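Note: the block below is run24.cif and it holds mmCIF, C-alpha atoms and all ligand atoms.
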```cif
data_model
#
loop_
_atom_site.label_atom_id
_atom_site.label_comp_id
_atom_site.auth_asym_id
_atom_site.auth_seq_id
_atom_site.Cartn_x
_atom_site.Cartn_y
_atom_site.Cartn_z
CA MET A 1 3.90 -17.09 -17.15
CA SER A 2 3.78 -17.21 -13.34
CA LYS A 3 1.16 -15.02 -11.70
CA GLY A 4 2.23 -11.65 -10.40
CA GLN A 5 2.96 -10.71 -6.84
CA LEU A 6 0.97 -8.57 -4.46
CA VAL A 7 3.02 -6.18 -2.32
CA VAL A 8 1.41 -4.36 0.60
CA ILE A 9 3.16 -1.23 1.84
CA SER A 10 1.88 0.33 5.06
CA GLY A 11 3.24 2.94 7.41
CA PRO A 12 1.94 5.94 9.29
CA SER A 13 0.74 8.96 7.39
CA GLY A 14 3.77 11.24 6.89
CA CYS A 15 6.37 8.43 7.06
CA GLY A 16 7.26 9.12 3.44
CA LYS A 17 5.78 5.97 1.92
CA ASP A 18 4.08 7.83 -0.96
CA THR A 19 7.43 9.29 -2.05
CA ILE A 20 9.17 5.92 -1.67
CA ILE A 21 6.46 4.18 -3.68
CA SER A 22 6.58 6.69 -6.53
CA LYS A 23 10.37 6.25 -6.75
CA VAL A 24 10.01 2.44 -6.77
CA LEU A 25 7.37 2.69 -9.54
CA GLU A 26 9.68 4.93 -11.56
CA LYS A 27 12.58 2.48 -11.24
CA MET A 28 10.44 -0.60 -11.90
CA LYS A 29 8.48 0.85 -14.83
CA ASN A 30 6.52 -1.81 -16.83
CA GLU A 31 7.06 -4.24 -13.97
CA ALA A 32 5.44 -2.81 -10.82
CA PHE A 33 2.12 -0.98 -10.74
CA LEU A 34 0.18 0.85 -8.05
CA SER A 35 -3.41 -0.03 -7.29
CA ILE A 36 -5.45 3.18 -7.30
CA SER A 37 -7.60 3.21 -4.18
CA MET A 38 -11.09 4.56 -3.71
CA THR A 39 -11.80 7.00 -0.88
CA THR A 40 -14.52 9.18 0.57
CA ARG A 41 -12.03 11.73 1.92
CA ALA A 42 -12.06 15.24 0.45
CA MET A 43 -9.56 16.00 -2.29
CA ARG A 44 -6.44 17.87 -1.13
CA PRO A 45 -4.75 20.53 -3.23
CA GLY A 46 -2.71 18.67 -5.84
CA ASP A 47 -4.90 15.54 -5.80
CA THR A 48 -6.21 14.33 -9.15
CA ASP A 49 -9.30 12.12 -9.37
CA GLY A 50 -8.47 8.77 -11.00
CA VAL A 51 -4.73 9.28 -10.44
CA ASP A 52 -4.22 9.69 -6.69
CA TYR A 53 -7.54 8.12 -5.75
CA TYR A 54 -11.02 7.58 -7.11
CA PHE A 55 -12.88 10.16 -5.02
CA VAL A 56 -16.46 9.04 -4.33
CA ASP A 57 -19.21 9.79 -1.81
CA VAL A 58 -20.16 7.45 1.05
CA LYS A 59 -23.23 6.14 -0.82
CA GLN A 60 -21.14 5.09 -3.83
CA PHE A 61 -18.46 3.52 -1.60
CA GLU A 62 -21.01 1.51 0.37
CA LYS A 63 -22.64 0.35 -2.86
CA ASN A 64 -19.25 -0.96 -4.06
CA ILE A 65 -18.85 -2.87 -0.77
CA ALA A 66 -22.34 -4.36 -1.11
CA ASP A 67 -21.60 -5.35 -4.73
CA ASP A 68 -18.37 -7.17 -3.67
CA LYS A 69 -16.27 -4.84 -5.76
CA MET A 70 -13.64 -4.16 -3.09
CA LEU A 71 -10.68 -6.45 -2.37
CA GLU A 72 -10.38 -4.79 1.06
CA TYR A 73 -11.50 -1.57 2.70
CA ALA A 74 -11.18 0.18 6.05
CA LYS A 75 -12.26 3.29 7.88
CA TYR A 76 -9.32 5.58 8.58
CA GLY A 77 -10.29 8.61 10.64
CA ALA A 78 -13.77 9.48 9.44
CA ASN A 79 -13.31 8.24 5.88
CA TYR A 80 -13.51 5.02 3.90
CA TYR A 81 -10.49 3.84 1.91
CA GLY A 82 -10.47 0.68 -0.20
CA THR A 83 -8.87 -1.29 -3.01
CA PRO A 84 -11.04 -1.94 -6.09
CA LEU A 85 -10.84 -5.69 -6.79
CA GLU A 86 -11.01 -5.97 -10.58
CA PRO A 87 -7.90 -4.02 -11.67
CA VAL A 88 -5.76 -5.85 -9.08
CA GLU A 89 -6.99 -9.26 -10.26
CA LYS A 90 -6.28 -8.33 -13.88
CA MET A 91 -2.74 -7.09 -13.18
CA LEU A 92 -1.90 -10.20 -11.13
CA GLU A 93 -3.24 -12.41 -13.93
CA ASP A 94 -0.90 -10.55 -16.30
CA GLY A 95 2.06 -11.43 -14.06
CA LYS A 96 2.61 -7.88 -12.82
CA THR A 97 3.82 -6.75 -9.40
CA VAL A 98 0.95 -4.84 -7.79
CA ILE A 99 1.64 -2.46 -4.92
CA LEU A 100 -1.10 -1.61 -2.41
CA ASN A 101 -0.41 1.57 -0.42
CA ILE A 102 -2.80 0.85 2.45
CA GLU A 103 -3.16 1.32 6.21
CA VAL A 104 -2.81 -1.48 8.77
CA GLN A 105 -6.43 -2.73 8.94
CA GLY A 106 -6.24 -3.25 5.17
CA GLY A 107 -2.83 -4.92 5.64
CA ALA A 108 -4.35 -7.35 8.16
CA ASN A 109 -7.25 -8.12 5.81
CA ILE A 110 -4.90 -8.87 2.91
CA ARG A 111 -2.77 -11.11 5.17
CA ARG A 112 -5.90 -13.14 5.91
CA LEU A 113 -7.24 -13.19 2.33
CA ILE A 114 -3.98 -13.57 0.40
CA PRO A 115 -1.29 -15.11 2.65
CA GLU A 116 1.27 -15.17 -0.18
CA ALA A 117 1.22 -11.35 -0.43
CA VAL A 118 4.45 -9.78 0.81
CA GLU A 119 3.88 -7.08 3.43
CA ILE A 120 6.28 -4.23 4.16
CA PHE A 121 5.95 -1.66 6.95
CA VAL A 122 7.69 1.71 6.53
CA LEU A 123 8.80 3.05 9.88
CA PRO A 124 9.72 6.69 10.54
CA PRO A 125 13.02 7.13 12.43
CA SER A 126 11.04 8.65 15.36
CA LEU A 127 7.64 10.12 16.25
CA GLU A 128 9.25 13.59 16.41
CA VAL A 129 10.42 13.27 12.81
CA LEU A 130 6.95 12.05 11.81
CA GLU A 131 5.24 15.06 13.41
CA LYS A 132 7.69 17.43 11.75
CA ARG A 133 7.01 15.84 8.33
CA LEU A 134 3.23 16.02 8.81
CA ARG A 135 3.43 19.71 9.73
CA SER A 136 5.80 20.59 6.91
CA ARG A 137 3.39 19.12 4.30
CA GLY A 138 1.05 21.96 5.12
CA THR A 139 -1.91 19.98 3.77
CA ASP A 140 -3.66 18.98 6.99
CA SER A 141 -5.53 20.92 9.67
CA GLU A 142 -4.22 20.86 13.27
CA GLU A 143 -7.05 18.46 14.14
CA SER A 144 -6.17 16.15 11.28
CA ILE A 145 -2.44 16.20 12.24
CA LEU A 146 -3.26 15.22 15.84
CA THR A 147 -5.61 12.44 14.65
CA ARG A 148 -2.95 11.14 12.25
CA LEU A 149 -0.30 11.13 15.03
CA GLU A 150 -2.63 9.20 17.31
CA ILE A 151 -3.38 6.68 14.55
CA ALA A 152 0.38 6.45 13.80
CA LYS A 153 1.17 5.26 17.34
CA ASN A 154 -1.41 2.48 17.04
CA GLU A 155 -0.17 1.53 13.56
CA ILE A 156 3.45 1.22 14.72
CA LYS A 157 2.27 -1.16 17.45
CA VAL A 158 1.28 -3.73 14.81
CA ALA A 159 4.34 -3.28 12.58
CA SER A 160 5.78 -6.60 13.80
CA GLU A 161 2.95 -8.45 12.03
CA TYR A 162 4.49 -7.41 8.71
CA ASP A 163 7.05 -9.53 6.81
CA TYR A 164 9.58 -6.69 6.52
CA ILE A 165 10.31 -3.36 8.22
CA VAL A 166 12.00 -0.58 6.25
CA VAL A 167 13.13 2.51 8.17
CA ASN A 168 12.77 5.69 6.15
CA ASP A 169 15.79 7.51 7.45
CA GLU A 170 17.37 8.04 4.09
CA LEU A 171 15.04 8.03 1.08
CA GLU A 172 17.29 6.34 -1.50
CA LYS A 173 18.20 3.56 0.94
CA ALA A 174 14.51 2.93 1.74
CA VAL A 175 13.72 2.75 -2.00
CA GLU A 176 16.58 0.26 -2.57
CA ASP A 177 15.43 -1.83 0.42
CA ILE A 178 11.90 -2.11 -0.93
CA MET A 179 13.12 -3.02 -4.42
CA SER A 180 15.36 -5.71 -2.92
CA ILE A 181 12.39 -7.21 -1.08
CA ILE A 182 10.27 -7.19 -4.25
CA ARG A 183 13.08 -8.80 -6.30
CA ALA A 184 13.77 -11.46 -3.66
CA ASN A 185 10.09 -12.29 -3.43
CA GLN A 186 9.96 -12.76 -7.23
CA LEU A 187 12.55 -15.53 -6.79
CA CYS A 188 10.75 -17.12 -3.85
CA THR A 189 10.56 -20.94 -4.21
CA ASN A 190 6.77 -21.03 -4.16
CA LYS A 191 6.61 -18.79 -7.20
CA MET A 192 9.30 -20.76 -9.04
CA LYS A 193 7.63 -24.18 -8.78
CA ASN A 194 6.47 -24.06 -12.41
CA LEU A 195 9.96 -23.16 -13.53
CA ILE A 196 11.53 -26.03 -11.56
CA CYS A 197 9.02 -28.39 -13.12
CA GLU A 198 9.80 -27.09 -16.63
CA VAL A 199 13.55 -27.57 -16.12
CA ILE A 200 13.08 -31.12 -14.84
CA CYS A 201 10.59 -32.05 -17.56
CA ASN A 202 12.95 -30.80 -20.28
CA ALA A 203 15.95 -32.69 -18.89
P1 LIG A 301 -4.24 9.78 2.89
O1 LIG A 301 -5.53 10.42 3.34
O2 LIG A 301 -3.03 10.39 3.58
O3 LIG A 301 -4.10 9.80 1.39
O4 LIG A 301 -4.28 8.25 3.31
C1 LIG A 301 -4.55 7.89 4.63
C2 LIG A 301 -4.21 6.43 4.85
O5 LIG A 301 -5.09 5.60 4.09
C3 LIG A 301 -2.78 6.06 4.41
O6 LIG A 301 -2.18 5.28 5.43
C4 LIG A 301 -3.01 5.22 3.18
O7 LIG A 301 -1.98 4.24 3.02
C5 LIG A 301 -4.33 4.55 3.51
N1 LIG A 301 -5.01 4.04 2.31
C6 LIG A 301 -5.00 4.55 1.07
N2 LIG A 301 -5.70 3.77 0.23
C7 LIG A 301 -6.15 2.72 0.96
C8 LIG A 301 -6.93 1.56 0.64
O8 LIG A 301 -7.33 1.29 -0.49
N3 LIG A 301 -7.22 0.72 1.66
C9 LIG A 301 -6.79 0.92 2.93
N4 LIG A 301 -7.11 0.02 3.85
N5 LIG A 301 -6.05 2.01 3.27
C10 LIG A 301 -5.73 2.90 2.29
#
```
Here is a file; write its structure as structure tokens.
Ligand code: 5GP
Amino acid sequence: MSKGQLVVISGPSGCGKDTIISKVLEKMKNEAFLSISMTTRAMRPGDTDGVDYYFVDVKQFEKNIADDKMLEYAKYGANYYGTPLEPVEKMLEDGKTVILNIEVQGGANIRRLIPEAVEIFVLPPSLEVLEKRLRSRGTDSEESILTRLEIAKNEIKVASEYDYIVVNDELEKAVEDIMSIIRANQLCTNKMKNLICEVICNA
């Protein structure tokens, strides 16, 4: 079996990528899986430890970095966020599609470490729409909303480094676009080399 594919999805906080990703996971059940990140940020209402994130303190996070247990990590605002290495390695070995929902520093690190990963940036239709979405969530303080908007502007500046841009204007369309990218990447020549060889050898 060919190895799985790693899919990075980035986009500013509030651009709707969490909703898009959960819809993609629903539609690609048994095929695509989300890497559960580790973070030092405080839990929000509705967050579940081990489902949304592994919530740890700074000491534990820094120990994991020192022990080489993170595939990538970054500081976003005042908090650490990172991808635990082992579960991702295991899923890729099993031929699964693994989705990383990570911010742009993490995206850049993955591009450097794993060039064959496919990277998708989810763009909001405008900054006004983004601000409205952040406020309507009702989960962040005014300070946190302003920080997230400031970070968003810087994130959008590096969107062109991604392989694909998906505009989240209409949710269902954005979900279909991301699934099309994942499907096309599964058929990418590089990944099909074993198959080509098998067909030729059996001729
Ligand atoms: P939030 O606090 O809204 O859950 O996440 C803030 C940002 O951190 C989002 O852009 C999210 O994609 C990003 N993020 C979540 N997990 C990771 C991770 O493992 N690594 C990196 N680099 N960013 C992450």
Report summary line: Ser37 of chain A proximity check over A:Glu119, A:Asp67, A:Glu86, A:Asp177, using only C-alpha atoms: winner is A:Glu86
Query raised in the report: Within 8 Å of ligand LIG 301 (chain A), counting only C-alpha atoms and all ligand atoms: which residues, as a PyMOL selection string?
Result: chain A and resi 9-14+35-39+41+53+72-76+80-84+100-107
Write out as a tab-separated table (two decimals) with C-alpha atoms, in the coordinates of the input the residues lying within 10 Å of Glu161 of chain A, counting all atoms listed in the file and excluding same-chain residues fewer than 2 positions away.
```tsv
chain	number	residue	atom	x	y	z
A	104	VAL	CA	-2.81	-1.48	8.77
A	107	GLY	CA	-2.83	-4.92	5.64
A	108	ALA	CA	-4.35	-7.35	8.16
A	111	ARG	CA	-2.77	-11.11	5.17
A	119	GLU	CA	3.88	-7.08	3.43
A	120	ILE	CA	6.28	-4.23	4.16
A	121	PHE	CA	5.95	-1.66	6.95
A	157	LYS	CA	2.27	-1.16	17.45
A	158	VAL	CA	1.28	-3.73	14.81
A	159	ALA	CA	4.34	-3.28	12.58
A	163	ASP	CA	7.05	-9.53	6.81
A	164	TYR	CA	9.58	-6.69	6.52
A	165	ILE	CA	10.31	-3.36	8.22
```
**Report entry** Spatial neighbours of Asp169 of chain A, 12 Å, all atoms listed in the file, chain gap at least 3 places, as a VMD selection string
**Finding:** chain A and resid 15 to 17 20 122 to 126 129 to 130 166 172 to 175 177
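Straight-line separation from atom CA of Gly77 of chain A to atom CA of Ile151 of chain A: 8.2 Å.
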Requested in this report: Find the spatial neighbours of Ile99 of chain A, counting all atoms listed in the file, within a cut-off of 10 Å - ignore same-chain residues fewer than 2 positions away - and output them as a list in words.
Outcome: Gln5, Leu6, Val7, Val8, Ile9, Ile21, Val24, Leu25, Ala32, Phe33, Leu34, Ser35, Ile36, Val88, Lys96, Thr97, Asn101, Ile102, Ala117, Val118, Glu119 and Ile182 of chain A
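Among the candidates A:Leu134, A:Ile110, A:Ile196, A:Val167, the residue lying nearest to Leu149 of chain A is A:Leu134 (atoms considered: only C-alpha atoms).
Between atom CA of Arg44 of chain A and atom CA of Gly138 of chain A the interatomic distance comes to 10.6 Å.
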Query raised in the report: What does the distance from atom CA of Asn168 of chain A to atom CA of Lys191 of chain A come to in Å, to one decimal?
Result: 28.6 Å
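Counting all atoms listed in the file and comparing A:Glu131, A:Ala66, A:Asn30, A:Ala78, the residue that lies closest to Gly95 of chain A is A:Asn30.
With all atoms listed in the file as the basis for measurement, A:Met179 is the residue among A:Lys3, A:Asn64, A:Met179, A:Asn185 that approaches Ser22 of chain A most closely.
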As AutoDock Vina command-line options, what would the box around segment 178-189 of chain A look like: edges along x, y and z, 4 Å added on every side, centre and edge lengths in Å to one decimal?
```
--center_x 12.7 --center_y -11.5 --center_z -4.1 --size_x 13.4 --size_y 26.8 --size_z 14.3
```
